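Content type mmCIF, C-alpha atoms, from the file entry_26.cif:
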data_model
loop_
_atom_site.label_atom_id
_atom_site.label_comp_id
_atom_site.auth_asym_id
_atom_site.auth_seq_id
_atom_site.Cartn_x
_atom_site.Cartn_y
_atom_site.Cartn_z
CA ASP Z 1 -148.61 36.76 67.11
CA ALA Z 2 -150.16 36.60 70.58
CA GLY Z 3 -146.80 36.44 72.33
CA VAL Z 4 -145.94 34.03 75.10
CA ILE Z 5 -149.06 32.86 76.88
CA GLN Z 6 -149.07 31.75 80.50
CA SER Z 7 -151.82 30.31 82.63
CA PRO Z 8 -153.12 30.78 85.17
CA ARG Z 9 -152.23 34.43 85.78
CA HIS Z 10 -152.85 34.08 89.49
CA GLU Z 11 -152.80 30.97 91.63
CA VAL Z 12 -153.51 30.71 95.33
CA THR Z 13 -153.05 27.33 96.94
CA GLU Z 14 -152.46 25.75 100.29
CA MET Z 15 -149.19 24.28 101.43
CA GLY Z 16 -148.80 20.68 100.34
CA GLN Z 17 -150.93 20.98 97.23
CA GLU Z 18 -149.68 20.33 93.71
CA VAL Z 19 -149.38 23.36 91.45
CA THR Z 20 -149.05 23.27 87.67
CA LEU Z 21 -148.08 26.32 85.66
CA ARG Z 22 -148.51 26.35 81.90
CA CYS Z 23 -146.78 28.11 79.05
CA LYS Z 24 -147.33 28.39 75.33
CA PRO Z 25 -144.26 29.82 73.57
CA ILE Z 26 -144.30 31.97 70.46
CA SER Z 27 -144.84 29.80 67.42
CA GLY Z 28 -141.57 28.87 65.74
CA HIS Z 29 -139.38 29.59 68.74
CA ASP Z 30 -137.09 26.71 69.65
CA TYR Z 31 -135.92 27.86 73.09
CA LEU Z 32 -138.12 27.98 76.17
CA PHE Z 33 -137.11 29.33 79.58
CA TRP Z 34 -138.72 29.24 83.04
CA TYR Z 35 -137.81 31.98 85.53
CA ARG Z 36 -138.85 32.77 89.07
CA GLN Z 37 -138.89 36.29 90.52
CA THR Z 38 -139.00 37.24 94.20
CA MET Z 39 -138.07 40.40 96.04
CA MET Z 40 -135.30 38.61 97.89
CA ARG Z 41 -133.65 36.73 95.02
CA GLY Z 42 -134.64 38.75 91.97
CA LEU Z 43 -135.13 37.05 88.61
CA GLU Z 44 -133.68 33.54 88.55
CA LEU Z 45 -133.49 31.09 85.66
CA LEU Z 46 -134.90 27.72 86.70
CA ILE Z 47 -134.59 25.63 83.55
CA TYR Z 48 -134.47 25.98 79.80
CA PHE Z 49 -135.29 23.78 76.82
CA ASN Z 50 -134.00 23.67 73.26
CA ASN Z 51 -136.17 21.84 70.74
CA ASN Z 52 -138.24 20.41 73.61
CA VAL Z 53 -135.19 18.92 75.34
CA PRO Z 54 -134.12 20.18 78.78
CA ILE Z 55 -130.64 21.66 78.44
CA ASP Z 56 -129.91 23.13 81.85
CA ASP Z 57 -131.96 22.55 84.99
CA SER Z 58 -129.32 23.66 87.46
CA GLY Z 59 -131.57 26.47 88.67
CA MET Z 60 -134.38 24.18 89.76
CA PRO Z 61 -134.42 24.62 93.54
CA GLU Z 62 -135.17 21.05 94.55
CA ASP Z 63 -136.89 17.82 93.60
CA ARG Z 64 -140.29 19.28 94.32
CA PHE Z 65 -139.94 21.21 91.07
CA SER Z 66 -140.24 19.56 87.67
CA ALA Z 67 -140.69 20.87 84.15
CA LYS Z 68 -141.72 19.22 80.92
CA MET Z 69 -142.06 20.21 77.32
CA PRO Z 70 -144.05 17.48 75.53
CA ASN Z 71 -144.18 19.41 72.26
CA ALA Z 72 -143.01 22.65 70.69
CA SER Z 73 -146.09 24.58 71.73
CA PHE Z 74 -146.53 23.66 75.38
CA SER Z 75 -144.57 23.45 78.60
CA THR Z 76 -145.44 22.92 82.24
CA LEU Z 77 -143.74 23.70 85.51
CA LYS Z 78 -145.00 21.61 88.40
CA ILE Z 79 -144.44 22.03 92.12
CA GLN Z 80 -145.34 19.08 94.31
CA PRO Z 81 -145.77 19.55 97.20
CA SER Z 82 -145.90 23.33 97.31
CA GLU Z 83 -144.53 25.36 100.23
CA PRO Z 84 -145.01 28.99 101.27
CA ARG Z 85 -141.45 29.83 100.18
CA ASP Z 86 -142.43 28.95 96.61
CA SER Z 87 -144.59 32.07 96.50
CA ALA Z 88 -143.26 34.15 93.61
CA VAL Z 89 -143.98 35.31 90.09
CA TYR Z 90 -143.07 32.65 87.55
CA PHE Z 91 -142.22 33.79 84.05
CA CYS Z 92 -141.94 31.79 80.89
CA ALA Z 93 -139.92 33.12 77.96
CA SER Z 94 -139.14 31.89 74.47
CA SER Z 95 -136.67 32.74 71.77
CA LEU Z 96 -135.31 31.73 68.42
CA GLY Z 97 -131.82 30.34 68.31
CA LYS Z 98 -129.07 29.49 65.90
CA GLY Z 99 -127.63 26.17 66.84
CA ARG Z 100 -126.85 26.49 70.54
CA TYR Z 101 -127.06 30.27 70.62
CA PRO Z 102 -130.40 31.83 71.50
CA TYR Z 103 -131.49 35.24 70.38
CA GLU Z 104 -133.46 37.76 72.42
CA GLN Z 105 -136.03 36.31 74.77
CA TYR Z 106 -139.70 37.23 74.81
CA PHE Z 107 -141.36 36.95 78.19
CA GLY Z 108 -144.91 36.09 79.10
CA PRO Z 109 -147.00 38.07 81.60
CA GLY Z 110 -146.13 35.71 84.43
CA THR Z 111 -148.06 33.63 86.94
CA ARG Z 112 -148.29 35.04 90.46
CA LEU Z 113 -148.25 32.08 92.84
CA THR Z 114 -149.22 32.41 96.47
CA VAL Z 115 -148.86 29.40 98.75
CA THR Z 116 -150.54 29.78 102.14
CA ASP N 1 -122.82 32.92 86.09
CA ALA N 2 -122.64 36.27 84.30
CA LYS N 3 -121.93 39.10 86.75
CA THR N 4 -122.89 42.70 86.07
CA THR N 5 -122.84 45.86 88.17
CA GLN N 6 -125.43 48.60 87.77
CA PRO N 7 -126.40 51.60 89.91
CA PRO N 8 -129.52 50.74 91.91
CA SER N 9 -131.45 53.82 90.86
CA MET N 10 -131.39 56.84 88.56
CA ASP N 11 -133.66 59.79 87.88
CA CYS N 12 -134.24 61.51 84.57
CA ALA N 13 -136.34 64.45 83.47
CA GLU N 14 -138.91 63.73 80.79
CA GLY N 15 -137.62 64.59 77.34
CA ARG N 16 -134.01 64.32 78.36
CA ALA N 17 -131.63 61.50 77.52
CA ALA N 18 -131.30 58.72 80.06
CA ASN N 19 -127.85 57.13 80.18
CA LEU N 20 -127.74 53.86 82.10
CA PRO N 21 -124.29 52.38 82.77
CA CYS N 22 -123.33 48.77 83.28
CA ASN N 23 -120.09 47.09 84.19
CA HIS N 24 -119.49 43.58 82.82
CA SER N 25 -115.77 43.14 83.26
CA THR N 26 -115.87 39.33 83.14
CA ILE N 27 -117.45 39.16 79.69
CA SER N 28 -115.73 36.92 77.17
CA GLY N 29 -114.92 37.81 73.60
CA ASN N 30 -117.85 36.02 71.99
CA GLU N 31 -120.54 36.91 74.50
CA TYR N 32 -123.24 39.42 73.68
CA VAL N 33 -124.44 42.18 76.01
CA TYR N 34 -128.23 42.30 76.37
CA TRP N 35 -130.46 44.94 77.88
CA TYR N 36 -133.98 44.28 79.11
CA ARG N 37 -136.44 46.31 81.11
CA GLN N 38 -139.32 45.44 83.40
CA ILE N 39 -142.20 47.83 83.79
CA HIS N 40 -143.93 47.43 87.14
CA SER N 41 -144.94 43.76 87.46
CA GLN N 42 -144.95 42.90 83.76
CA GLY N 43 -142.62 40.38 82.17
CA PRO N 44 -139.18 41.70 81.18
CA GLN N 45 -139.01 43.27 77.73
CA TYR N 46 -136.05 42.97 75.38
CA ILE N 47 -134.51 46.31 74.40
CA ILE N 48 -131.26 45.80 72.52
CA HIS N 49 -128.09 43.72 72.34
CA GLY N 50 -124.57 44.04 70.96
CA LEU N 51 -121.19 42.40 70.69
CA LYS N 52 -118.54 45.00 69.89
CA ASN N 53 -119.98 47.80 67.86
CA ASN N 54 -122.45 50.40 68.99
CA GLU N 55 -126.03 49.53 68.17
CA THR N 56 -129.21 51.52 67.70
CA ASN N 57 -132.82 50.51 67.26
CA GLU N 58 -136.18 52.20 67.62
CA MET N 59 -136.06 51.94 71.40
CA ALA N 60 -132.51 52.82 72.39
CA SER N 61 -128.81 53.01 71.62
CA LEU N 62 -126.13 50.79 73.09
CA ILE N 63 -122.57 52.01 73.50
CA ILE N 64 -119.98 49.34 74.29
CA THR N 65 -116.47 50.35 75.35
CA GLU N 66 -113.55 49.19 73.26
CA ASP N 67 -112.38 46.75 75.94
CA ARG N 68 -116.00 45.51 76.24
CA LYS N 69 -115.89 45.69 80.01
CA SER N 70 -118.75 48.16 80.24
CA SER N 71 -121.63 49.54 78.26
CA THR N 72 -124.20 52.33 78.37
CA LEU N 73 -127.82 52.16 77.35
CA ILE N 74 -129.15 55.45 76.05
CA LEU N 75 -132.82 56.36 75.88
CA PRO N 76 -132.57 59.52 73.77
CA HIS N 77 -135.82 61.18 74.85
CA ALA N 78 -137.12 59.55 78.01
CA THR N 79 -140.85 59.58 78.69
CA LEU N 80 -142.86 58.71 81.78
CA ARG N 81 -143.57 55.31 80.21
CA ASP N 82 -139.85 54.54 80.32
CA THR N 83 -139.99 54.33 84.12
CA ALA N 84 -138.89 50.74 84.78
CA VAL N 85 -136.13 48.52 86.10
CA TYR N 86 -133.41 48.14 83.48
CA TYR N 87 -131.30 45.00 83.43
CA CYS N 88 -127.95 44.58 81.77
CA THR N 89 -126.81 41.00 81.25
CA PHE N 90 -124.69 38.81 79.03
CA THR N 91 -124.65 35.17 78.01
CA GLY N 92 -122.02 34.03 80.43
CA GLY N 93 -121.15 30.37 80.08
CA GLY N 94 -123.32 29.69 77.06
CA ASN N 95 -126.99 30.37 76.52
CA LYS N 96 -128.09 31.50 79.94
CA LEU N 97 -128.88 35.08 80.84
CA THR N 98 -128.29 35.97 84.48
CA PHE N 99 -130.27 38.97 85.66
CA GLY N 100 -128.82 41.09 88.45
CA THR N 101 -130.68 43.66 90.50
CA GLY N 102 -130.85 46.20 87.67
CA THR N 103 -131.31 49.98 87.74
CA GLN N 104 -134.64 51.50 88.74
CA LEU N 105 -135.07 54.42 86.32
CA LYS N 106 -137.59 57.01 87.36
CA VAL N 107 -138.61 59.53 84.70
CA GLU N 108 -140.19 62.66 86.13
CA LEU N 109 -141.91 65.72 84.73
#

Do you think you could lay out the structure here as structure tokens?
Amino acid sequence: DAGVIQSPRHEVTEMGQEVTLRCKPISGHDYLFWYRQTMMRGLELLIYFNNNVPIDDSGMPEDRFSAKMPNASFSTLKIQPSEPRDSAVYFCASSLGKGRYPYEQYFGPGTRLTVT
Amino acid sequence: DAKTTQPPSMDCAEGRAANLPCNHSTISGNEYVYWYRQIHSQGPQYIIHGLKNNETNEMASLIITEDRKSSTLILPHATLRDTAVYYCTFTGGGNKLTFGTGTQLKVEL
């Protein structure tokens, strides 16, 4: 298996622009997680899905952030409008689960976002 | 959110065992302890997890105290490639993993 795939790997954009990050989870995994990592705040969970349904979005910083999972093999994280403080590395992870209990998570390589 | 306490940094000589401690005193009876590591700027990598009993896999061993309030990750023969930030976490409140600041392990010749 190719593992979790994220695109783009690097994104540089100007403040106010829309940014879309993409993730393809490992085939067969039914949990998908979006994290953000910065030096100041460390690794934070933004939102996670189970069987394509958002379960907990309490980590999403504000309404400028939205995430979707239209099918089992694709998810997006969108920031509109972007701000310099959104600069971070965004990781996607996926895992199997049993009922409501997920197993170990497998992380993608991350997308490094820079907003100028 | 799950709260863990780890030393910010540790050093280890190559070939020696690295013992990384973690305190998770608020863990509940049915919550698993997980260990991950992050090498440089890569995505975190799963290492091992456990509930009550000690666990071992090809990467490491996990020792959990009887009261489950703390655990130790053991890398039996550390190599330079084991230099990374090691995170201890548990599924506090359900399915979410909360990552703290971790321990920066530096393996030296």

Test item: residues at most 8 Å from stretch 14-30 of chain Z, only C-alpha atoms, excluding those fewer than 3 positions along its chain, as a ChimeraX atom specification
/Z:1-8,49-52,72-84,92-97,111,115-116

So what do you get for atom CA of N:Ser70 versus atom CA of N:Asn57, distance-wise?
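Spanning atom CA of N:Ser70 to atom CA of N:Asn57 is a straight-line distance of 19.3 Å.
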
Given the file shown, determine the residues that the PyMOL selection byres ((chain N) within 7 of (chain Z)) selects; report them as a PyMOL selection string.
chain N and resi 42-46+95+99+101

How would the residues just picked look written out with C-alpha atoms as a PDB file, in the coordinates of the input?
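Once written, again.pdb looks like this:
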ATOM      1  CA  GLN N  42    -144.950  42.900  83.760  1.00  0.00           C
ATOM      2  CA  GLY N  43    -142.620  40.380  82.170  1.00  0.00           C
ATOM      3  CA  PRO N  44    -139.180  41.700  81.180  1.00  0.00           C
ATOM      4  CA  GLN N  45    -139.010  43.270  77.730  1.00  0.00           C
ATOM      5  CA  TYR N  46    -136.050  42.970  75.380  1.00  0.00           C
ATOM      6  CA  ASN N  95    -126.990  30.370  76.520  1.00  0.00           C
ATOM      7  CA  PHE N  99    -130.270  38.970  85.660  1.00  0.00           C
ATOM      8  CA  THR N 101    -130.680  43.660  90.500  1.00  0.00           C
TER       9      THR N 101
END

Matched chain/residue IDs from the PyMOL selection byres ((chain N and resi 87) around 9), as a list in words:
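Evaluating the PyMOL selection byres ((chain N and resi 87) around 9) on these coordinates yields Gln6, Cys22, Tyr34, Trp35, Tyr36, Arg37, Gln38, Pro44, Val85, Tyr86, Cys88, Thr89, Phe99, Gly100, Thr101, Gly102 and Thr103 of chain N.
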
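You can rank Z:Met40, Z:Val53, Z:Leu46, Z:Leu113 by their closest distance to Z:Phe65 using all atoms listed in the file, and at the top of that list sits Z:Leu46.
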
Do you have the atom CA of Z:Met60-atom CA of N:His49 distance handy?
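Computing the Euclidean distance for atom CA of Z:Met60 and atom CA of N:His49 yields 26.9 Å.
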
Neighbouring residues of N:Gly15 were defined as those with any atom within 12 Å, considering only C-alpha atoms; residues of the same chain fewer than 3 positions away were excluded. Please report them as a ChimeraX atom specification.
/N:12,18,75-82,107-109

Which residue, Z:Arg85, Z:Gln37, Z:Val12, Z:Leu32, has the smallest gap to N:Ser41 when you use only C-alpha atoms?
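Of all the options, Z:Gln37 lies closest to N:Ser41.
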
Taking only C-alpha atoms into account, name the residue in N:Leu62, N:Leu51, N:Ile27, N:Leu105 that is nearest to N:Lys3.
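Going through N:Leu62, N:Leu51, N:Ile27, N:Leu105 one by one, the smallest distance to N:Lys3 is for N:Ile27.
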
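Selection result for the displayed file, with the PyMOL selection byres ((chain N and resi 25) around 12) as criterion, is Ala2, Lys3, Thr4, Thr5, Gln6, Cys22, Asn23, His24, Thr26, Ile27, Ser28, Gly29, Glu31, Val33, Ile64, Thr65, Glu66, Asp67, Arg68, Lys69, Ser70, Ser71, Thr89, Phe90 and Gly92 of chain N.
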
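Computed from the coordinates, the atom CA of N:Leu20 to atom CA of N:Pro7 distance equals 8.2 Å.
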
Counting all atoms listed in the file, figure out which residue out of Z:Ser58, Z:Arg9, Z:Asp63, Z:Thr38 gets nearest to N:Lys96.
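With all atoms listed in the file as the atom set, the closest residue is Z:Ser58.
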